[in-house]
Amino acid sequence: MAAKKAVKKTENMEQNTPKKQLTIGVLTSGGDAPGMNAAIRAIVRVGIAKGCKMIGIKRGYAGLLSEEFIDMDVTTVCDTIQTGGTILQTARCPEFLTEEGEDHGAKICQKHGLDALIVIGGDGSFRGARTLAKRGVNVIGIPGTIDLDIPCTEYSIGFDTAINTAMDAIDKIRDTSSSHERCSIIEVMGRNAGYIALYCGIANGAEDILLPEFYDGNEQAIINNIITNRKRGKTHHIIVNAEGIGHSNQLAKTIEAATGIETRATILGYLQRGGRPTCTDRVHASTMGALAVDVIIEGKKNRIIALQKGKYVDLDIEEALDMKKDISKYQYEISRLLSV
Ligand code: ADP
Ligand code: F6P
């Protein structure tokens with residue numbers, strides 16, 4: 001009986017001890033990506049449900065340096081899960097690449113009493129976050145880029161929407177390309193990585209896929225492939241070219257001059273970065289957002305949220321930034337067989 005009473009007393013004491021309320025900041029940085037809003041929404045709502053004070057920082061590291069801090073509550077993120085872009089806006093911030101900028105950023109986090117800062121962005125944004133971590137700020141990264149070029153994770157917010165947007169656009173180009181019996185070069189985004197090009201190349205049945213990781217600059221091989229395919233009776237020839245290779249207009253001129261086949265280049269550009277996020281992006285972004293908050297509440301420091309072998313994990317930021325990943329050579333090689 002006495003023991004029971006003692007337990008009860010301890011429980012009550014625990015309940016009566018006010019825990020320090022955590023203050024969590026969130027920003028989006030680098031190129032925007034569809035699904036970033038789903039992540040922000042999850043961070044804010046899970047944070048508030050678990051008793052945290054939630055702060056949004058506008059315009060990435062630029063807004064951090066100019067102290068564009070806003071209080072966020074459950075209603076601030078209403079009606080956002082289905083929207084592309086980022087309600088916090090984003091920026092590339094050259095000032096943050098300097099030591100003074102990084103020192104200043106860390107001091108601002110401390111001045112505003114941030115117990116943790118969640119950075120949604122790409123590899124560059126994570127490198128920025130690491131400089132804050134080195135200055136004592138607890139940073140948690142969530143992968144957000146359409147490029148899928150963050151080595152530690154097999155998923156990044158926005159990639160799924162971007163490839164579906166690009167795939168739809170390429171299907172449309174193929175219709176008109178076949179009708180006019182043209183060759184079409186479609187340049188997709190991805191910075192120096194070929195993930196968007198590889199996925200669209202396979203999904204759109206492209207006759208040629210040019211990836212920065214594998215392309216050897218052999219234009220004659222492309223020309224030969226076009227001629228062979230035309231002889232086989234193909235009415236179109238789709239080349240998906242990665243922006244990391246670029247020069248699509250120049251390549252179109254070279255092909256037309258060598259083959260006599262009308263050739264057009266289309267650079268898809270920013271339309272790939274906008275639009276309603278797909279279900280996959282909404283679900284992964286929401287889960288990663290929630291996990292970022294849980295990781296902070298567990299007391300972990302300086303983590304990157306990632307998807308590895310289909311599972312959500314959190315990794316030490318230093319280890320995560322040292323990781324490498326390769327684009328699939330197998331998928332690249334089979335794409336040639338698939339499009340014959
Ligand atoms: P992403 O995050 O999509 O890769 P960027 O490479 O443009 O996009 O990075 C976004 C911002 O992160 C940069 O404008 C800069 O402010 C910051 N950043 C990038 N790389 C570093 C770095 N090595 N050190 C500090 N900050 C960085
Ligand atoms: O990182 C996303 C991305 O869209 C890349 O694919 C592209 O190279 C780059 O951003 C374009 O950046 P900006 O918006 O600064 O032109």
# chains A, B, ... in the order shown; residues from 1 in each chain; ligands from 1
>>> residues_near_ligand(ligand="ligand 2", cutoff="8 Å", atoms="only C-alpha atoms and all ligand atoms", output="list in words")
Gly30, Gly31, Asp32, Ala33, Arg92, Gly122, Thr145, Ile146, Asp147, Val188, Met189, Gly190, Arg191, Asn192, Glu243, Gly244, Gly269, Tyr270, Gln272 and Arg273 of chain A
>>> residues_near_ligand(ligand="ligand 1", cutoff="7 Å", atoms="only C-alpha atoms and all ligand atoms", output="VMD selection string")
chain A and resid 29 to 31 61 91 to 97 121 to 128 131 145
>>> atom_distance(atom1="atom CA of Gly136 of chain A", atom2="atom CA of Ala320 of chain A")
18.2 Å
>>> select_by_dssp(residues="segment 266-325 of chain A", states="strand (DSSP E)", output="ChimeraX atom specification")
/A:266-267,303-308,311-316
>>> residues_around(residues="segment 165-169 of chain A", least_positions_apart="6", cutoff="8 Å", atoms="only C-alpha atoms", output="JSON, numbers by chain")
{"A": [188, 200, 203, 204, 268, 271, 272]}
>>> select_by_dssp(residues="segment 125-305 of chain A", states="alpha helix (DSSP H)", output="PyMOL selection string")
chain A and resi 125-133+159-179+195-203+219-232+248-259+279-297
>>> closest_residue(among="A:Gly201, A:Gly141, A:Gly275, A:Gly35", to="Lys301 of chain A", atoms="only C-alpha atoms")
A:Gly141
>>> residues_around(residues="Ala285 of chain A", least_positions_apart="3", cutoff="7 Å", atoms="only C-alpha atoms", output="ChimeraX atom specification")
/A:35-36,38-39,157,281-282,288-289
>>> closest_residue(among="A:Arg45, A:Lys231, A:His237, A:Lys253", to="Ile209 of chain A", atoms="only C-alpha atoms")
A:His237
>>> residues_around(residues="Ile43 of chain A", least_positions_apart="4", cutoff="10 Å", atoms="only C-alpha atoms", output="count of residues only")
23
>>> closest_residue(among="A:Pro212, A:His180, A:Phe69, A:Thr90", to="Ile120 of chain A", atoms="only C-alpha atoms")
A:Thr90
